[in-house]
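Only one structure is covered here, and it is reproduced in the block below.
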Amino acid sequence: MHASEMGFFSLGVAIVAAAYAVFAATLGHRWNSPRVLASARNAVYVVSGSMFMAAAVLAYLLVGHDFGVAYVVGNSSIAQPWYFDLAGLYGGQAGSLLVWATGLALFSGLAVYVNRNRLPQVMPWAIATMMTVQVFFLIVLIFLSSPFERLSVPLLDGQGVNALLRDPGFLIHPPFLLFGYMSWTIPFAMAIGAMISRRTDSQWLNAARPWLLVAWLIQSIGLMLGAWWAYHVLGWGGFWNWDPVENVAFLPWLTGTAFLHSTMVQERRGLLRRWNLLLMLSTFLLAIFGTLVVRGGLLDSVHNFATSSLGPSFLAFLGFSLAVSLFLFFTRAKDIDSTQRFDFAVSKESGFLVNNLLFVGIAFATFWGTVFPLLTEVYNGSKITVGAPFYEKVNGPLFLAILVLMGVGPLLAWRRTTWSVIKRNFRPPLIVAALWLIFLITVLRITNAWSLAGLTAIAFVFGTVALEYYRGIRARQWRSGETIPVAISNLVAHNRRRYGGYIVHIGILLVALGVIGVSIHQKDLDVTLRPGEAATIGDYTLVFQGMGERRGVDNHVTEATLTVFKNGEFWDEVHPRRVVYDGQEDQPTSQVAIRTTAKEDLYVLLGAWDDQVATFLMFVNPLVMWLWVGGVVFLVGTMVALWPAPRNVGSRLVKPAEKPPG
C-alpha cells in the first residue's frame, strides 16, 4: 500500500468511527447503557489515532518529496529546507484542514478521557457534538479537498510553499491559529450538552473552564505571532492592518475573552447564565466563520494564498450550527434562567457586565466592517471595502473604555460597592494616574489627547494591580511573617486564577503601550536616493551606500546597504532586501531591516531600484518592543492562571483571618 493510500484509509477509518461515536453516545445515553457509552468513548480514541496517523503520513510525504501527490507538489520542493517542507503540512488548504481536524480529534480524545467519569448527563451529548463537527471536516477532506490525491504522472520537483510563508514566523503562527479556531469546539460541545440535558448549572462550566483557558491561550498566541509575522514580513510598517483574515481571527478571541470574564459572575453569583451560553455559542460560530474566511475563499485578503471552492460547504455547516444553537438556546430558555438578580448598579458583577458589552461591541463593529464588502456586493454588485480608519474610530474608544475598566473592576465589591469603599480603593491608583499625567504633559511634552488618555489609563490600571498585590502581600506578612518574595509566591499559589489574571493585565498594559506608540506616534518617510545621498527621519540619518546581489540555494537576493547615524554619530548599518524564489518570480518578498531599542524601532523597507537609484520606506515605530514583551508577560500570566494549585496551599497562615491594620 502506498503511503498516500494509507493516509486516505486513515481518514476513512476516522469518519466511520466518528459517525459511530455520534450515534453510540446518543443512543447509549437514551438507553442508559454503560457499554454503549464506553464504545462511544473508544470510538473517539480511534478517531484520535486515525487522524494522527493521517497527519503523520502527509508529513512523511512532504519531507520525503513524493511528487506523485498533488498536495506535495504544491507545498514541497527539493531545494526547500526540510522544515519548510514540514510546514507545508498547513501551508495549503487541504493540509490546514487536516491539521484542524487532527487537532480536534486529539483534543476530543483528551477531553473524553479526562471527563470519562464526570458529567454523565452532559458528556454523551458533548461527544456527539464534537464528533459531528469531526464528521463534517472529514467529509471535506475525503470528498472535497483531499491532501492525498495522486497525480497521473509524478513530477520531478514541486513548487514549495508560498514565498510570503518562507519565514520562521510561518513555522509557528499558522498552527496556533488553526488550533485556536479548533479548540473552541470542546467548550462549545459541553455547552450544547448542558442545554440538551438541561443541566445548565455551573458544573458544565467548571468542566469546560480549563478548555476555555487553553483555547483562549492558543488563540492569543496565534494573534500575537500573526502580528509579529506581519510586522517582520509584510512590510507595511505595522503589526495590524484590520485585514479580513486578521479580523476573523480576532472575533472569537473577543467574545471568548468576554466569556472568560462573565463566567466569574456565574460562578460567584449565579448570574448571566443565558448570556454566558450565548457568548460560548457565538465564539464557536465565529471560529467556524474564521475558518471559512481563511480557507473557504469568502473574502479577499493579503493572508489568503489560494482560491477555494469550499465556501458553500462551510456556509452550509455554519448555517446548520447556527440553527441548532439558536433552537436549543430558545427552547431551553427556562432552564438557563439565572438564579439571582443584580443587587446594586455599582458592583463588581455590573463591572463585568459592562466589560462584556464593550467586548461584544468591538466584536460586532469588527464583524460588520468585515462582512460589509460582501453585503454591498450583493446589494449593488460592487464591493465597498472598509479600511483601518473605520475600525480605529469605532473600536479605539471602546478599547480605551475596556482599559479603564481593567483598573476599575478589581476595586469594586461584589453585590454592592459603598461610597466609603470607592474612596478607599480608588484613591491610590487615581493619584498614580494623576501624577503620571502631569509627567507626560510637563516633562515628555505629549499633547495628543488620545495618547494622553491611553497612557493615563495604563498608569491607573497599573496602580490598581500594584495595590491588589500590595494588599495581598501585606496581609500575608501580617498573618504569617513571610518575607516579600515568599509572600508573593504563596499569594499567587493560593489564588492562581486571580493573581495570574493580574499578570495577564500587566501584559495587556505593555501591549497597549506598544499599540499607542505605533498607532499615534509613528514617523514614516518614502524616499528615493542615489548612492551617497542621505535621508533623515526622527533622530536617524541614513546614507545609501549602494546595491548588491547574491544567489541563494533556491532564490535570488537583492540587497541595499545603508549606514545609520543617530544624533550625528555612527550607530549601525542596515541591509533591507528583496528575495525572489525560483518558480515564484511573480511574488518577490521583502526582508525588512529592523533595529530595535526600548524606545523605538528603526524599520527600513526596500521598495524599487534600478542602476541609478533606490526607493525606501522608512519608519520610526515608538515603543513597539513593549508589544512583544507584553505578549510574553501575557503568556506567563495565563500559564500561571492555568497551572493547578498545590494542595494545602496557604496552610502556613498561623494567625486568625483578621483585617490587617491600616
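In the C-alpha cells, chains take the letters A, B, ... in the order shown, each chain's residues start at 1, and ligands count up from 1 in the order shown.
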
TODO: Find the residues near A:Thr185: any atom within 9 Å, counting only C-alpha atoms, skip ones fewer than 2 places away on the same chain, and give them as a PyMOL selection string.
DONE: chain A and resi 104+108+129-130+133+181-183+187-190+215+284+287

Task: Distance query A:Ile196 at most 10 Å, only C-alpha atoms, self and fewer than 5 positions along chain excluded, as a list of chain:residue names - done: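 Near A:Ile196, the qualifying residues are A:Gln121, A:Val122, A:Trp125, A:Ala126, A:Met190, A:Ala191, A:Leu328, A:Phe329, A:Thr331, A:Arg332.
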
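Among A:Ser382, A:Thr132, A:Thr528, A:Gln80, the residue with the shortest atom-to-atom distance to A:Gly552, counting only C-alpha atoms, is A:Gln80.
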
Task: Selection near A:Glu149, 10 Å with only C-alpha atoms, sequence-local residues under 3 positions removed, as a PyMOL selection string - done: chain A and resi 4-5+8+68-72+142+145-146+152

- [ ] Write down as a ChimeraX atom specification the residues belonging to stretch 489-581 of chain A that are assigned strand (DSSP E) by DSSP computed on the backbone.
- [x] /A:523-529,534-537,540-551,555-566,569-574,577-581

Selection to disk with C-alpha atoms, as a PDB file, in the first residue's frame:
```pdb
ATOM      1  CA  LYS A 523       7.008  58.546  11.769  1.00  0.00           C
ATOM      2  CA  ASP A 524       7.285  57.463   8.123  1.00  0.00           C
ATOM      3  CA  LEU A 525       9.258  58.561   5.065  1.00  0.00           C
ATOM      4  CA  ASP A 526       9.081  57.448   1.437  1.00  0.00           C
ATOM      5  CA  VAL A 527      12.322  58.487  -0.217  1.00  0.00           C
ATOM      6  CA  THR A 528      14.332  57.794  -3.387  1.00  0.00           C
ATOM      7  CA  LEU A 529      18.134  58.002  -3.028  1.00  0.00           C
ATOM      8  CA  ALA A 534      21.097  60.658   2.810  1.00  0.00           C
ATOM      9  CA  ALA A 535      17.620  60.812   4.320  1.00  0.00           C
ATOM     10  CA  THR A 536      16.659  61.879   7.828  1.00  0.00           C
ATOM     11  CA  ILE A 537      13.777  60.512   9.891  1.00  0.00           C
ATOM     12  CA  TYR A 540      18.283  58.954  12.395  1.00  0.00           C
ATOM     13  CA  THR A 541      20.165  59.856   9.241  1.00  0.00           C
ATOM     14  CA  LEU A 542      20.562  57.039   6.722  1.00  0.00           C
ATOM     15  CA  VAL A 543      23.160  57.200   3.975  1.00  0.00           C
ATOM     16  CA  PHE A 544      22.577  54.954   0.942  1.00  0.00           C
ATOM     17  CA  GLN A 545      25.825  53.134   0.054  1.00  0.00           C
ATOM     18  CA  GLY A 546      24.656  51.019  -2.898  1.00  0.00           C
ATOM     19  CA  MET A 547      23.045  47.789  -4.082  1.00  0.00           C
ATOM     20  CA  GLY A 548      24.315  44.227  -4.137  1.00  0.00           C
ATOM     21  CA  GLU A 549      23.072  40.870  -5.400  1.00  0.00           C
ATOM     22  CA  ARG A 550      23.723  37.268  -4.494  1.00  0.00           C
ATOM     23  CA  ARG A 551      22.430  33.825  -5.328  1.00  0.00           C
ATOM     24  CA  ASN A 555      16.394  32.208  -4.538  1.00  0.00           C
ATOM     25  CA  HIS A 556      17.910  35.444  -5.780  1.00  0.00           C
ATOM     26  CA  VAL A 557      18.599  38.191  -3.221  1.00  0.00           C
ATOM     27  CA  THR A 558      18.887  41.922  -3.934  1.00  0.00           C
ATOM     28  CA  GLU A 559      20.255  43.901  -1.001  1.00  0.00           C
ATOM     29  CA  ALA A 560      20.705  47.577  -0.203  1.00  0.00           C
ATOM     30  CA  THR A 561      23.281  48.879   2.262  1.00  0.00           C
ATOM     31  CA  LEU A 562      22.590  51.980   4.352  1.00  0.00           C
ATOM     32  CA  THR A 563      24.783  53.475   7.050  1.00  0.00           C
ATOM     33  CA  VAL A 564      22.797  54.798  10.010  1.00  0.00           C
ATOM     34  CA  PHE A 565      23.803  57.814  12.101  1.00  0.00           C
ATOM     35  CA  LYS A 566      21.883  58.592  15.284  1.00  0.00           C
ATOM     36  CA  GLU A 569      27.103  59.730  15.379  1.00  0.00           C
ATOM     37  CA  PHE A 570      27.576  56.385  13.628  1.00  0.00           C
ATOM     38  CA  TRP A 571      25.060  53.914  15.040  1.00  0.00           C
ATOM     39  CA  ASP A 572      24.628  50.885  12.786  1.00  0.00           C
ATOM     40  CA  GLU A 573      24.390  49.537   9.241  1.00  0.00           C
ATOM     41  CA  VAL A 574      21.153  48.098   7.823  1.00  0.00           C
ATOM     42  CA  ARG A 577      16.428  43.013   0.978  1.00  0.00           C
ATOM     43  CA  ARG A 578      14.092  41.701  -1.690  1.00  0.00           C
ATOM     44  CA  VAL A 579      14.056  37.948  -2.336  1.00  0.00           C
ATOM     45  CA  VAL A 580      12.750  36.144  -5.430  1.00  0.00           C
ATOM     46  CA  TYR A 581      12.305  32.371  -5.094  1.00  0.00           C
TER      47      TYR A 581
END
```
